[in-house]
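Next comes work-v3.pdb, with PDB, C-alpha atoms.
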```pdb
ATOM      1  CA  MET A   1      87.510  99.828 108.090
ATOM      2  CA  GLU A   2      88.776 102.668 105.900
ATOM      3  CA  PHE A   3      90.853 104.022 108.800
ATOM      4  CA  THR A   4      92.598 100.646 109.149
ATOM      5  CA  ILE A   5      93.379 100.515 105.433
ATOM      6  CA  ILE A   6      94.790 104.045 105.411
ATOM      7  CA  THR A   7      96.857 103.346 108.532
ATOM      8  CA  LEU A   8      98.322 100.097 107.194
ATOM      9  CA  GLU A   9      99.146 101.753 103.862
ATOM     10  CA  ALA A  10     100.956 104.621 105.585
ATOM     11  CA  ILE A  11     102.894 102.277 107.876
ATOM     12  CA  GLY A  12     103.887 100.087 104.929
ATOM     13  CA  THR A  13     105.052 103.059 102.880
ATOM     14  CA  LEU A  14     107.104 104.439 105.769
ATOM     15  CA  LEU A  15     108.700 101.031 106.413
ATOM     16  CA  ILE A  16     109.700 100.684 102.766
ATOM     17  CA  ALA A  17     111.158 104.200 102.778
ATOM     18  CA  TRP A  18     113.042 103.504 106.003
ATOM     19  CA  ALA A  19     114.488 100.270 104.609
ATOM     20  CA  ALA A  20     115.610 102.014 101.411
ATOM     21  CA  LEU A  21     117.281 104.787 103.405
ATOM     22  CA  ARG A  22     119.101 102.231 105.560
ATOM     23  CA  VAL A  23     120.459 100.508 102.458
ATOM     24  CA  HIS A  24     121.607 103.846 101.039
ATOM     25  CA  HIS A  25     123.270 104.672 104.347
ATOM     26  CA  ARG A  26     125.193 101.380 104.428
ATOM     27  CA  VAL A  27     126.347 101.680 100.811
ATOM     28  CA  LEU A  28     127.383 105.313 101.238
ATOM     29  CA  ASN A  29     129.453 104.479 104.317
ATOM     30  CA  GLU A  30     131.368 101.738 102.481
ATOM     31  CA  HIS A  31     132.572 104.141  99.747
ATOM     32  CA  LYS A  32     133.076 101.261  97.304
ATOM     33  CA  ILE A  33     131.156 103.008  94.532
ATOM     34  CA  SER A  34     132.006 105.612  91.936
ATOM     35  CA  SER A  35     131.700 109.285  92.787
ATOM     36  CA  ARG A  36     128.820 109.692  90.334
ATOM     37  CA  VAL A  37     126.793 106.906  91.969
ATOM     38  CA  PHE A  38     127.723 108.284  95.377
ATOM     39  CA  ARG A  39     126.350 111.715  94.412
ATOM     40  CA  VAL A  40     123.087 110.270  93.053
ATOM     41  CA  MET A  41     122.587 108.133  96.162
ATOM     42  CA  ARG A  42     123.076 111.190  98.360
ATOM     43  CA  ILE A  43     120.323 112.989  96.455
ATOM     44  CA  GLU A  44     118.029 109.960  96.714
ATOM     45  CA  GLN A  45     118.694 109.743 100.428
ATOM     46  CA  ARG A  46     117.779 113.394 100.948
ATOM     47  CA  LEU A  47     114.610 113.010  98.910
ATOM     48  CA  GLY A  48     113.672 109.985 101.001
ATOM     49  CA  VAL A  49     114.184 111.926 104.220
ATOM     50  CA  VAL A  50     111.917 114.686 102.892
ATOM     51  CA  GLY A  51     109.370 112.197 101.564
ATOM     52  CA  MET A  52     108.790 110.324 104.816
ATOM     53  CA  PRO A  53     107.317 113.307 106.704
ATOM     54  CA  LEU A  54     105.205 114.080 103.630
ATOM     55  CA  VAL A  55     103.748 110.558 103.746
ATOM     56  CA  PHE A  56     103.000 111.038 107.429
ATOM     57  CA  LEU A  57     101.446 114.461 106.796
ATOM     58  CA  GLY A  58      99.293 112.967 104.048
ATOM     59  CA  TYR A  59      98.161 110.276 106.460
ATOM     60  CA  ILE A  60      97.201 112.839 109.100
ATOM     61  CA  LEU A  61      95.299 114.947 106.576
ATOM     62  CA  ASN A  62      93.529 111.875 105.232
ATOM     63  CA  VAL A  63      92.478 110.742 108.724
ATOM     64  CA  LEU A  64      91.242 114.213 109.683
ATOM     65  CA  ASN A  65      89.256 114.569 106.485
TER      66      ASN A  65
END
```

Step by step, read the file and then write its structure as structure tokens.
Amino acid sequence: MEFTIITLEAIGTLLIAWAALRVHHRVLNEHKISSRVFRVMRIEQRLGVVGMPLVFLGYILNVLN
């Protein structure tokens, strides 16, 4: 049962991250925001891209433990 809980949590977290990155991507492509907001969203997008593999790595380590 614990494996199922860990798996569902990881999938949910990755789906939320993916959805947030898609929104950032759409907004950044429209360029209808100030340069300051644009810069911050770029940073957030990069952090999200780095964070997703870390969530997956944490899942793998948790399952193997």

Quiz item: By how many Å are atom CA of Glu44 of chain A and atom CA of Ile60 of chain A apart?
Solution: 24.4 Å

Practice problem: List the residues sitting within 12 Å of (86.5, 108.4, 108.7) in the file's frame, using all atoms listed in the file, as a PyMOL selection string. | Solution: chain A and resi 1-7+60-65

Expand the PyMOL selection byres ((chain A and resi 13) around 12) into the individual residues it matches in the shown file, reporting them as a PDB file with C-alpha atoms, keeping the file's coordinate frame.
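expr_18.pdb was written with the following content:
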```pdb
ATOM      1  CA  ILE A   6      94.790 104.045 105.411  1.00  0.00           C
ATOM      2  CA  THR A   7      96.857 103.346 108.532  1.00  0.00           C
ATOM      3  CA  LEU A   8      98.322 100.097 107.194  1.00  0.00           C
ATOM      4  CA  GLU A   9      99.146 101.753 103.862  1.00  0.00           C
ATOM      5  CA  ALA A  10     100.956 104.621 105.585  1.00  0.00           C
ATOM      6  CA  ILE A  11     102.894 102.277 107.876  1.00  0.00           C
ATOM      7  CA  GLY A  12     103.887 100.087 104.929  1.00  0.00           C
ATOM      8  CA  LEU A  14     107.104 104.439 105.769  1.00  0.00           C
ATOM      9  CA  LEU A  15     108.700 101.031 106.413  1.00  0.00           C
ATOM     10  CA  ILE A  16     109.700 100.684 102.766  1.00  0.00           C
ATOM     11  CA  ALA A  17     111.158 104.200 102.778  1.00  0.00           C
ATOM     12  CA  TRP A  18     113.042 103.504 106.003  1.00  0.00           C
ATOM     13  CA  ALA A  19     114.488 100.270 104.609  1.00  0.00           C
ATOM     14  CA  ALA A  20     115.610 102.014 101.411  1.00  0.00           C
ATOM     15  CA  GLY A  48     113.672 109.985 101.001  1.00  0.00           C
ATOM     16  CA  GLY A  51     109.370 112.197 101.564  1.00  0.00           C
ATOM     17  CA  MET A  52     108.790 110.324 104.816  1.00  0.00           C
ATOM     18  CA  PRO A  53     107.317 113.307 106.704  1.00  0.00           C
ATOM     19  CA  LEU A  54     105.205 114.080 103.630  1.00  0.00           C
ATOM     20  CA  VAL A  55     103.748 110.558 103.746  1.00  0.00           C
ATOM     21  CA  PHE A  56     103.000 111.038 107.429  1.00  0.00           C
ATOM     22  CA  GLY A  58      99.293 112.967 104.048  1.00  0.00           C
ATOM     23  CA  TYR A  59      98.161 110.276 106.460  1.00  0.00           C
TER      24      TYR A  59
END
```

Applying 9 Å and all atoms listed in the file, which residues near Leu28 of chain A remain after dropping the ones on its own chain fewer than 3 positions away? List them as a compact mmCIF listing (two decimals) with C-alpha atoms, in the coordinates of the input.
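Produced file part_19.txt, reproduced below:
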```txt
# COMPACT_ATOMS: atom_id res chain seq x y z
CA VAL A 23 120.46 100.51 102.46
CA HIS A 24 121.61 103.85 101.04
CA HIS A 25 123.27 104.67 104.35
CA HIS A 31 132.57 104.14 99.75
CA LYS A 32 133.08 101.26 97.30
CA ILE A 33 131.16 103.01 94.53
CA PHE A 38 127.72 108.28 95.38
CA MET A 41 122.59 108.13 96.16
CA ARG A 42 123.08 111.19 98.36
```

Expected axis-aligned box over every listed atom of segment 30-44 of chain A, 5 Å added per side, centre plus edges in Å to one decimal, as JSON:
```
{"center_x": 125.6, "center_y": 107.1, "center_z": 96.4, "size_x": 25.0, "size_y": 21.7, "size_z": 22.1}
```
